[in-house]
>>> print(open('run_6.pdb').read())   # PDB, C-alpha atoms and all ligand atoms
ATOM      1  CA  MET J  31     -20.494 -13.408  18.761  1.00  0.00           C
ATOM      2  CA  LYS J  32     -21.884 -16.628  17.391  1.00  0.00           C
ATOM      3  CA  THR J  33     -20.120 -19.995  17.699  1.00  0.00           C
ATOM      4  CA  GLU J  34     -21.040 -23.108  15.714  1.00  0.00           C
ATOM      5  CA  GLU J  35     -19.639 -26.625  15.892  1.00  0.00           C
ATOM      6  CA  ASN J  36     -19.379 -28.762  12.762  1.00  0.00           C
ATOM      7  CA  LYS J  37     -19.600 -32.575  12.474  1.00  0.00           C
ATOM      8  CA  GLN J  38     -15.850 -32.929  13.036  1.00  0.00           C
ATOM      9  CA  GLY J  39     -16.091 -31.034  16.321  1.00  0.00           C
ATOM     10  CA  LEU J  40     -14.435 -27.924  14.909  1.00  0.00           C
ATOM     11  CA  PHE J  41     -15.786 -24.582  15.949  1.00  0.00           C
ATOM     12  CA  THR J  42     -16.503 -21.603  13.759  1.00  0.00           C
ATOM     13  CA  MET J  43     -16.899 -18.258  15.432  1.00  0.00           C
ATOM     14  CA  SER J  44     -18.390 -15.274  13.736  1.00  0.00           C
ATOM     15  CA  SER J  45     -19.143 -11.758  14.719  1.00  0.00           C
ATOM     16  CA  GLY J  46     -22.656 -12.232  13.426  1.00  0.00           C
ATOM     17  CA  GLU J  47     -24.129  -9.084  12.036  1.00  0.00           C
ATOM     18  CA  GLY J  48     -21.723  -6.897  13.973  1.00  0.00           C
ATOM     19  CA  ALA J  49     -19.835  -4.291  12.013  1.00  0.00           C
ATOM     20  CA  GLN J  50     -17.415  -1.576  12.851  1.00  0.00           C
ATOM     21  CA  PRO J  51     -18.328   1.296  10.576  1.00  0.00           C
ATOM     22  CA  TYR J  52     -15.940   4.197  10.676  1.00  0.00           C
ATOM     23  CA  ASN J  53     -15.108   7.421   8.929  1.00  0.00           C
ATOM     24  CA  TYR J  54     -11.504   8.348   8.438  1.00  0.00           C
ATOM     25  CA  ALA J  55     -10.474  11.863   7.497  1.00  0.00           C
ATOM     26  CA  ALA J  56      -7.624  11.666   4.965  1.00  0.00           C
ATOM     27  CA  GLY J  57      -6.785  15.296   5.688  1.00  0.00           C
ATOM     28  CA  LEU J  58      -5.774  18.056   3.284  1.00  0.00           C
ATOM     29  CA  TYR J  59      -2.554  16.461   2.038  1.00  0.00           C
ATOM     30  CA  GLY J  60      -3.912  12.936   2.141  1.00  0.00           C
ATOM     31  CA  SER J  61      -6.802  14.125  -0.015  1.00  0.00           C
ATOM     32  CA  LYS J  62      -4.414  15.793  -2.489  1.00  0.00           C
ATOM     33  CA  PHE J  63      -2.384  12.578  -2.567  1.00  0.00           C
ATOM     34  CA  LEU J  64      -5.488  10.512  -3.357  1.00  0.00           C
ATOM     35  CA  THR J  65      -6.765  12.999  -5.973  1.00  0.00           C
ATOM     36  CA  GLU J  66      -3.454  13.030  -7.880  1.00  0.00           C
ATOM     37  CA  LEU J  67      -3.293   9.263  -7.702  1.00  0.00           C
ATOM     38  CA  ARG J  68      -6.876   8.867  -8.969  1.00  0.00           C
ATOM     39  CA  ASP J  69      -6.815  11.540 -11.709  1.00  0.00           C
ATOM     40  CA  LYS J  70      -3.187  11.482 -12.917  1.00  0.00           C
ATOM     41  CA  LYS J  71      -1.800   8.190 -11.616  1.00  0.00           C
ATOM     42  CA  GLN J  72       0.794  10.387  -9.947  1.00  0.00           C
ATOM     43  CA  ILE J  73       2.285   9.555  -6.560  1.00  0.00           C
ATOM     44  CA  LEU J  74       2.699  12.701  -4.500  1.00  0.00           C
ATOM     45  CA  GLY J  75       5.071  13.414  -1.661  1.00  0.00           C
ATOM     46  CA  SER J  76       5.741  16.437   0.523  1.00  0.00           C
ATOM     47  CA  ARG J  77       9.186  17.914   1.217  1.00  0.00           C
ATOM     48  CA  CYS J  78      10.260  19.300   4.572  1.00  0.00           C
ATOM     49  CA  PRO J  79      11.768  22.804   4.090  1.00  0.00           C
ATOM     50  CA  LYS J  80      14.126  22.215   7.019  1.00  0.00           C
ATOM     51  CA  CYS J  81      15.537  18.675   6.684  1.00  0.00           C
ATOM     52  CA  LYS J  82      14.542  18.193   2.989  1.00  0.00           C
ATOM     53  CA  THR J  83      13.028  14.765   3.685  1.00  0.00           C
ATOM     54  CA  VAL J  84      10.413  13.802   1.063  1.00  0.00           C
ATOM     55  CA  TYR J  85       7.513  11.922   2.651  1.00  0.00           C
ATOM     56  CA  VAL J  86       5.304   9.563   0.679  1.00  0.00           C
ATOM     57  CA  PRO J  87       2.340   9.632   0.931  1.00  0.00           C
ATOM     58  CA  ALA J  88       2.305  13.406   1.285  1.00  0.00           C
ATOM     59  CA  ARG J  89       1.705  14.611   4.818  1.00  0.00           C
ATOM     60  CA  GLN J  90       1.517  18.035   6.357  1.00  0.00           C
ATOM     61  CA  VAL J  91       4.027  17.965   9.205  1.00  0.00           C
ATOM     62  CA  CYS J  92       7.581  16.602   9.418  1.00  0.00           C
ATOM     63  CA  GLY J  93       7.636  14.581  12.624  1.00  0.00           C
ATOM     64  CA  PRO J  94      11.324  14.980  13.573  1.00  0.00           C
ATOM     65  CA  CYS J  95      11.438  18.727  12.753  1.00  0.00           C
ATOM     66  CA  PHE J  96       7.821  19.392  13.700  1.00  0.00           C
ATOM     67  CA  HIS J  97       7.856  21.737  10.702  1.00  0.00           C
ATOM     68  CA  GLU J  98       4.942  22.366   8.362  1.00  0.00           C
ATOM     69  CA  MET J  99       5.540  21.145   4.832  1.00  0.00           C
ATOM     70  CA  THR J 100       3.925  23.151   2.050  1.00  0.00           C
ATOM     71  CA  GLU J 101       5.872  21.852  -0.937  1.00  0.00           C
ATOM     72  CA  LEU J 102       4.191  18.938  -2.695  1.00  0.00           C
ATOM     73  CA  VAL J 103       6.505  16.991  -4.970  1.00  0.00           C
ATOM     74  CA  PRO J 104       5.727  14.262  -7.479  1.00  0.00           C
ATOM     75  CA  VAL J 105       7.800  11.122  -7.025  1.00  0.00           C
ATOM     76  CA  ALA J 106       8.323   8.219  -9.405  1.00  0.00           C
ATOM     77  CA  SER J 107       6.001   5.238  -9.570  1.00  0.00           C
ATOM     78  CA  GLU J 108       9.168   3.149  -9.704  1.00  0.00           C
ATOM     79  CA  GLY J 109      11.603   2.312  -6.982  1.00  0.00           C
ATOM     80  CA  LYS J 110      13.189  -0.589  -5.181  1.00  0.00           C
ATOM     81  CA  ILE J 111      12.174  -3.239  -2.677  1.00  0.00           C
ATOM     82  CA  MET J 112      13.381  -2.480   0.868  1.00  0.00           C
ATOM     83  CA  SER J 113      11.716  -5.493   2.505  1.00  0.00           C
ATOM     84  CA  TYR J 114       9.035  -7.956   1.542  1.00  0.00           C
ATOM     85  CA  THR J 115       7.143 -11.057   2.525  1.00  0.00           C
ATOM     86  CA  ILE J 116       5.265 -13.637   0.502  1.00  0.00           C
ATOM     87  CA  LEU J 117       1.874 -14.708   1.802  1.00  0.00           C
ATOM     88  CA  ARG J 118       0.984 -18.320   1.076  1.00  0.00           C
ATOM     89  CA  PHE J 119      -1.900 -18.807   3.491  1.00  0.00           C
ATOM     90  CA  GLN J 120      -5.281 -17.789   2.190  1.00  0.00           C
ATOM     91  CA  PHE J 121      -7.535 -15.749   4.426  1.00  0.00           C
ATOM     92  CA  LEU J 122     -10.431 -13.413   3.947  1.00  0.00           C
ATOM     93  CA  ASP J 123      -9.491 -10.044   2.520  1.00  0.00           C
ATOM     94  CA  PRO J 124     -11.222  -7.506   4.777  1.00  0.00           C
ATOM     95  CA  GLU J 125     -11.772  -5.176   1.804  1.00  0.00           C
ATOM     96  CA  THR J 126     -13.577  -7.669  -0.388  1.00  0.00           C
ATOM     97  CA  GLY J 127     -14.745 -10.386   1.995  1.00  0.00           C
ATOM     98  CA  GLU J 128     -13.257 -12.877  -0.489  1.00  0.00           C
ATOM     99  CA  LYS J 129     -10.192 -15.072  -0.156  1.00  0.00           C
ATOM    100  CA  LYS J 130      -7.270 -13.401  -1.891  1.00  0.00           C
ATOM    101  CA  PRO J 131      -5.442 -15.776  -4.242  1.00  0.00           C
ATOM    102  CA  VAL J 132      -2.014 -16.851  -2.982  1.00  0.00           C
ATOM    103  CA  PRO J 133       0.854 -16.444  -3.229  1.00  0.00           C
ATOM    104  CA  TYR J 134       1.074 -12.683  -3.151  1.00  0.00           C
ATOM    105  CA  GLY J 135       3.622 -10.329  -1.738  1.00  0.00           C
ATOM    106  CA  TYR J 136       3.513  -7.355   0.567  1.00  0.00           C
ATOM    107  CA  ALA J 137       6.468  -5.036   0.597  1.00  0.00           C
ATOM    108  CA  MET J 138       8.062  -1.796   1.647  1.00  0.00           C
ATOM    109  CA  PHE J 139       9.331   0.190  -1.327  1.00  0.00           C
ATOM    110  CA  LYS J 140      11.536   3.246  -1.635  1.00  0.00           C
ATOM    111  CA  LEU J 141      10.206   5.141  -4.619  1.00  0.00           C
ATOM    112  CA  ASP J 142      12.641   7.231  -6.642  1.00  0.00           C
ATOM    113  CA  GLY J 143      12.557  10.776  -5.270  1.00  0.00           C
ATOM    114  CA  ALA J 144      11.156   9.724  -1.877  1.00  0.00           C
ATOM    115  CA  ASP J 145      12.991   9.337   1.418  1.00  0.00           C
ATOM    116  CA  THR J 146      10.366   7.307   3.234  1.00  0.00           C
ATOM    117  CA  HIS J 147       9.019   3.830   2.591  1.00  0.00           C
ATOM    118  CA  PHE J 148       5.733   3.094   0.881  1.00  0.00           C
ATOM    119  CA  GLN J 149       3.849  -0.156   1.556  1.00  0.00           C
ATOM    120  CA  HIS J 150       1.796  -2.056  -0.968  1.00  0.00           C
ATOM    121  CA  PHE J 151       1.180  -5.422  -2.576  1.00  0.00           C
ATOM    122  CA  LEU J 152       3.935  -7.027  -4.617  1.00  0.00           C
ATOM    123  CA  GLU J 153       3.296  -9.381  -7.510  1.00  0.00           C
ATOM    124  CA  VAL J 154       5.127 -12.673  -7.015  1.00  0.00           C
ATOM    125  CA  PRO J 155       6.806 -13.905 -10.212  1.00  0.00           C
ATOM    126  CA  GLU J 156       6.869 -17.602 -11.083  1.00  0.00           C
ATOM    127  CA  ASP J 157      10.602 -17.579 -10.345  1.00  0.00           C
ATOM    128  CA  GLU J 158      10.594 -16.160  -6.814  1.00  0.00           C
ATOM    129  CA  SER J 159      14.389 -15.850  -6.827  1.00  0.00           C
ATOM    130  CA  GLN J 160      13.859 -12.679  -8.884  1.00  0.00           C
ATOM    131  CA  LEU J 161      12.550 -11.008  -5.723  1.00  0.00           C
ATOM    132  CA  PHE J 162      15.252  -9.572  -3.509  1.00  0.00           C
ATOM    133  CA  ILE J 163      16.025  -6.501  -1.444  1.00  0.00           C
ATOM    134  CA  GLY J 164      16.993  -3.769  -3.887  1.00  0.00           C
ATOM    135  CA  ALA J 165      15.125  -5.254  -6.887  1.00  0.00           C
ATOM    136  CA  ARG J 166      13.593  -2.576  -9.114  1.00  0.00           C
ATOM    137  CA  VAL J 167       9.802  -2.404  -9.170  1.00  0.00           C
ATOM    138  CA  LYS J 168       7.090  -0.312 -10.789  1.00  0.00           C
ATOM    139  CA  ALA J 169       3.494   0.406  -9.850  1.00  0.00           C
ATOM    140  CA  VAL J 170       0.690  -1.226 -11.810  1.00  0.00           C
ATOM    141  CA  PHE J 171      -2.248   1.172 -11.790  1.00  0.00           C
ATOM    142  CA  SER J 172      -5.911   0.304 -11.870  1.00  0.00           C
ATOM    143  CA  GLU J 173      -7.903   1.358 -14.929  1.00  0.00           C
ATOM    144  CA  GLU J 174     -10.917   1.711 -12.663  1.00  0.00           C
ATOM    145  CA  LYS J 175     -10.954   4.879 -10.561  1.00  0.00           C
ATOM    146  CA  PHE J 176     -10.829   4.603  -6.787  1.00  0.00           C
ATOM    147  CA  ASN J 177     -10.507   7.231  -4.069  1.00  0.00           C
ATOM    148  CA  SER J 178      -7.983   5.056  -2.295  1.00  0.00           C
ATOM    149  CA  LEU J 179      -4.686   3.208  -2.590  1.00  0.00           C
ATOM    150  CA  LYS J 180      -6.598   0.661  -4.679  1.00  0.00           C
ATOM    151  CA  MET J 181      -5.616   2.948  -7.598  1.00  0.00           C
ATOM    152  CA  ILE J 182      -2.397   0.950  -7.408  1.00  0.00           C
ATOM    153  CA  LYS J 183      -3.166  -2.714  -8.002  1.00  0.00           C
ATOM    154  CA  HIS J 184       0.279  -3.793  -6.895  1.00  0.00           C
ATOM    155  CA  PHE J 185       3.955  -3.345  -7.696  1.00  0.00           C
ATOM    156  CA  THR J 186       5.714  -5.639 -10.110  1.00  0.00           C
ATOM    157  CA  LEU J 187       9.326  -6.228 -11.088  1.00  0.00           C
ATOM    158  CA  ALA J 188      10.492  -3.453 -13.436  1.00  0.00           C
ATOM    159  CA  ASN J 189      13.162  -5.562 -15.101  1.00  0.00           C
ATOM    160  CA  PRO J 190      12.223  -9.231 -14.848  1.00  0.00           C
ATOM    161  CA  ILE J 191      14.953 -11.541 -16.096  1.00  0.00           C
TER     162      ILE J 191
HETATM  163 ZN    ZN I 201      12.055  17.857   8.564  1.00  0.00          ZN
END
>>> encode(input="run_6.pdb", output="structure tokens", more="lines below")
Ligand SMILES: [Zn+2]
Amino acid sequence: MKTEENKQGLFTMSSGEGAQPYNYAAGLYGSKFLTELRDKKQILGSRCPKCKTVYVPARQVCGPCFHEMTELVPVASEGKIMSYTILRFQFLDPETGEKKPVPYGYAMFKLDGADTHFQHFLEVPEDESQLFIGARVKAVFSEEKFNSLKMIKHFTLANPI
């Protein structure tokens, strides 16, 4: 770690050249989820044959039942806000190394056809009173192809007033 002091006596600490490279296996279902998202802009879930819960993103095992799920089901790219926050403090985005423009939202959504919550960015409208728990939203997809959740740029209000 490297620490520097500026003329005002404020310290800046940096990790220097240190990096934490990693590889993360998305797994069979995670890979199918990402492929469908990239190639068809389709959000994929998996349904438990025992309790019928639809998980999004698709996963292989239902935690509560400990049952293997083999049925992959498409869910809607629309849903409703279950909880959200608005970020107003700018900090470095670890993905880009750039400061992400504020304000922006981060939310938990319940997509139509899914039983679990899906987290992603939420576009903040000029009139923030339009954001509320239960508000309808839709995914805004990237035109550029990514092998990640970056295929969804963010969610936006489906029916702005
Ligand atoms: Zn289950």
>>> residues_near_ligand(input="run_6.pdb", ligand="ligand ZN 201 (chain I)", cutoff="9 Å", atoms="all atoms listed in the file", output="list in words")
Arg77, Cys78, Pro79, Lys80, Cys81, Lys82, Thr83, Val84, Val91, Cys92, Gly93, Pro94, Cys95, Phe96, His97, Glu98 and Met99 of chain J
>>> write_last_selection(input="run_6.pdb", atoms="C-alpha atoms", output="compact mmCIF listing (two decimals), in the coordinates of the input")
# COMPACT_ATOMS: atom_id res chain seq x y z
CA ARG J 77 9.19 17.91 1.22
CA CYS J 78 10.26 19.30 4.57
CA PRO J 79 11.77 22.80 4.09
CA LYS J 80 14.13 22.22 7.02
CA CYS J 81 15.54 18.68 6.68
CA LYS J 82 14.54 18.19 2.99
CA THR J 83 13.03 14.76 3.68
CA VAL J 84 10.41 13.80 1.06
CA VAL J 91 4.03 17.96 9.20
CA CYS J 92 7.58 16.60 9.42
CA GLY J 93 7.64 14.58 12.62
CA PRO J 94 11.32 14.98 13.57
CA CYS J 95 11.44 18.73 12.75
CA PHE J 96 7.82 19.39 13.70
CA HIS J 97 7.86 21.74 10.70
CA GLU J 98 4.94 22.37 8.36
CA MET J 99 5.54 21.14 4.83
>>> residues_around(input="run_6.pdb", residues="Phe185 of chain J", least_positions_apart="5", cutoff="7 Å", atoms="only C-alpha atoms", output="MDAnalysis selection string")
chainID J and resid 151:153 167:170
>>> write_last_selection(input="run_6.pdb", atoms="C-alpha atoms", output="CSV table (one decimal), in the coordinates of the input")
chain,number,residue,atom,x,y,z
J,151,PHE,CA,1.2,-5.4,-2.6
J,152,LEU,CA,3.9,-7.0,-4.6
J,153,GLU,CA,3.3,-9.4,-7.5
J,167,VAL,CA,9.8,-2.4,-9.2
J,168,LYS,CA,7.1,-0.3,-10.8
J,169,ALA,CA,3.5,0.4,-9.8
J,170,VAL,CA,0.7,-1.2,-11.8
>>> residues_around(input="run_6.pdb", residues="Leu122 of chain J", least_positions_apart="6", cutoff="12 Å", atoms="only C-alpha atoms", output="count of residues only")
5
>>> closest_atom_pairs(input="run_6.pdb", of="segment 47-114 of chain J", to="segment 139-142 of chain J", cutoff="10 Å", atoms="only C-alpha atoms", output="CSV")
residue,atom,partner,partner_atom,distance
J:Ile73,CA,J:Leu141,CA,9.3
J:Val86,CA,J:Leu141,CA,8.5
J:Pro104,CA,J:Asp142,CA,9.9
J:Val105,CA,J:Asp142,CA,6.2
J:Ala106,CA,J:Asp142,CA,5.2
J:Ser107,CA,J:Leu141,CA,6.5
J:Glu108,CA,J:Leu141,CA,5.6
J:Gly109,CA,J:Leu141,CA,3.9
J:Lys110,CA,J:Lys140,CA,5.5
J:Ile111,CA,J:Phe139,CA,4.7
J:Met112,CA,J:Phe139,CA,5.3
J:Ser113,CA,J:Phe139,CA,7.3
J:Tyr114,CA,J:Phe139,CA,8.6
>>> write_last_selection(input="run_6.pdb", atoms="C-alpha atoms", output="mmCIF file, keeping the file's coordinate frame")
data_model
loop_
_atom_site.group_PDB
_atom_site.id
_atom_site.type_symbol
_atom_site.label_atom_id
_atom_site.label_comp_id
_atom_site.auth_asym_id
_atom_site.auth_seq_id
_atom_site.Cartn_x
_atom_site.Cartn_y
_atom_site.Cartn_z
ATOM 1 C CA ILE J 73 2.285 9.555 -6.560
ATOM 2 C CA VAL J 86 5.304 9.563 0.679
ATOM 3 C CA PRO J 104 5.727 14.262 -7.479
ATOM 4 C CA VAL J 105 7.800 11.122 -7.025
ATOM 5 C CA ALA J 106 8.323 8.219 -9.405
ATOM 6 C CA SER J 107 6.001 5.238 -9.570
ATOM 7 C CA GLU J 108 9.168 3.149 -9.704
ATOM 8 C CA GLY J 109 11.603 2.312 -6.982
ATOM 9 C CA LYS J 110 13.189 -0.589 -5.181
ATOM 10 C CA ILE J 111 12.174 -3.239 -2.677
ATOM 11 C CA MET J 112 13.381 -2.480 0.868
ATOM 12 C CA SER J 113 11.716 -5.493 2.505
ATOM 13 C CA TYR J 114 9.035 -7.956 1.542
#
>>> residues_near_point(input="run_6.pdb", point="(-11.1, 1.7, -13.3)", cutoff="12 Å", atoms="all atoms listed in the file", output="list in words")
Arg68, Asp69, Lys71, Phe171, Ser172, Glu173, Glu174, Lys175, Phe176, Asn177, Ser178, Lys180, Met181, Ile182 and Lys183 of chain J
>>> atom_distance(input="run_6.pdb", atom1="atom CA of Gln72 of chain J", atom2="atom CA of Ile163 of chain J")
24.3 Å
>>> atom_distance(input="run_6.pdb", atom1="atom CA of Gln149 of chain J", atom2="atom CA of Ile116 of chain J")
13.6 Å
>>> decode(input="run_6.pdb", residues="segment 51-74 of chain J", atoms="N, CA and C atoms", output="mmCIF file, in the first residue's frame")
data_model
loop_
_atom_site.group_PDB
_atom_site.id
_atom_site.type_symbol
_atom_site.label_atom_id
_atom_site.label_comp_id
_atom_site.auth_asym_id
_atom_site.auth_seq_id
_atom_site.Cartn_x
_atom_site.Cartn_y
_atom_site.Cartn_z
ATOM 1 N N PRO J 51 -6.589 -10.610 -9.256
ATOM 2 C CA PRO J 51 -7.193 -11.335 -10.376
ATOM 3 C C PRO J 51 -7.914 -12.580 -9.873
ATOM 4 N N TYR J 52 -8.982 -12.919 -10.523
ATOM 5 C CA TYR J 52 -9.720 -14.107 -10.127
ATOM 6 C C TYR J 52 -10.431 -14.684 -11.338
ATOM 7 N N ASN J 53 -10.757 -15.938 -11.234
ATOM 8 C CA ASN J 53 -11.603 -16.605 -12.212
ATOM 9 C C ASN J 53 -12.819 -17.102 -11.462
ATOM 10 N N TYR J 54 -13.965 -16.920 -12.051
ATOM 11 C CA TYR J 54 -15.199 -17.311 -11.401
ATOM 12 C C TYR J 54 -15.962 -18.206 -12.359
ATOM 13 N N ALA J 55 -16.243 -19.410 -11.940
ATOM 14 C CA ALA J 55 -16.985 -20.342 -12.791
ATOM 15 C C ALA J 55 -18.475 -20.038 -12.664
ATOM 16 N N ALA J 56 -19.114 -19.652 -13.764
ATOM 17 C CA ALA J 56 -20.545 -19.339 -13.733
ATOM 18 C C ALA J 56 -21.371 -20.609 -13.594
ATOM 19 N N GLY J 57 -20.797 -21.744 -13.910
ATOM 20 C CA GLY J 57 -21.519 -23.005 -13.800
ATOM 21 C C GLY J 57 -22.380 -23.258 -15.023
ATOM 22 N N LEU J 58 -22.953 -24.450 -15.099
ATOM 23 C CA LEU J 58 -23.759 -24.855 -16.245
ATOM 24 C C LEU J 58 -24.962 -23.940 -16.435
ATOM 25 N N TYR J 59 -25.748 -23.734 -15.389
ATOM 26 C CA TYR J 59 -26.960 -22.932 -15.522
ATOM 27 C C TYR J 59 -26.635 -21.442 -15.625
ATOM 28 N N GLY J 60 -25.637 -21.015 -14.882
ATOM 29 C CA GLY J 60 -25.205 -19.629 -14.988
ATOM 30 C C GLY J 60 -24.730 -19.316 -16.397
ATOM 31 N N SER J 61 -24.061 -20.266 -17.017
ATOM 32 C CA SER J 61 -23.587 -20.085 -18.392
ATOM 33 C C SER J 61 -24.760 -20.035 -19.357
ATOM 34 N N LYS J 62 -25.765 -20.908 -19.155
ATOM 35 C CA LYS J 62 -26.959 -20.870 -20.011
ATOM 36 C C LYS J 62 -27.678 -19.536 -19.840
ATOM 37 N N PHE J 63 -27.764 -19.076 -18.599
ATOM 38 C CA PHE J 63 -28.398 -17.788 -18.311
ATOM 39 C C PHE J 63 -27.699 -16.679 -19.087
ATOM 40 N N LEU J 64 -26.370 -16.653 -19.033
ATOM 41 C CA LEU J 64 -25.605 -15.592 -19.693
ATOM 42 C C LEU J 64 -25.677 -15.702 -21.221
ATOM 43 N N THR J 65 -25.724 -16.931 -21.744
ATOM 44 C CA THR J 65 -25.812 -17.126 -23.194
ATOM 45 C C THR J 65 -27.148 -16.634 -23.730
ATOM 46 N N GLU J 66 -28.238 -16.988 -23.046
ATOM 47 C CA GLU J 66 -29.577 -16.535 -23.470
ATOM 48 C C GLU J 66 -29.680 -15.011 -23.399
ATOM 49 N N LEU J 67 -29.108 -14.471 -22.352
ATOM 50 C CA LEU J 67 -29.141 -13.018 -22.169
ATOM 51 C C LEU J 67 -28.361 -12.339 -23.296
ATOM 52 N N ARG J 68 -27.190 -12.855 -23.610
ATOM 53 C CA ARG J 68 -26.328 -12.258 -24.641
ATOM 54 C C ARG J 68 -26.937 -12.414 -26.039
ATOM 55 N N ASP J 69 -27.407 -13.631 -26.364
ATOM 56 C CA ASP J 69 -27.825 -13.922 -27.746
ATOM 57 C C ASP J 69 -29.284 -13.589 -28.029
ATOM 58 N N LYS J 70 -30.152 -13.673 -27.018
ATOM 59 C CA LYS J 70 -31.591 -13.468 -27.261
ATOM 60 C C LYS J 70 -32.202 -12.365 -26.403
ATOM 61 N N LYS J 71 -31.374 -11.746 -25.565
ATOM 62 C CA LYS J 71 -31.892 -10.751 -24.617
ATOM 63 C C LYS J 71 -33.060 -11.347 -23.822
ATOM 64 N N GLN J 72 -32.881 -12.600 -23.469
ATOM 65 C CA GLN J 72 -33.893 -13.353 -22.727
ATOM 66 C C GLN J 72 -33.362 -13.643 -21.328
ATOM 67 N N ILE J 73 -34.178 -13.346 -20.328
ATOM 68 C CA ILE J 73 -33.802 -13.631 -18.945
ATOM 69 C C ILE J 73 -34.346 -15.009 -18.592
ATOM 70 N N LEU J 74 -33.465 -15.861 -18.114
ATOM 71 C CA LEU J 74 -33.796 -17.267 -17.897
ATOM 72 C C LEU J 74 -33.809 -17.611 -16.413
#
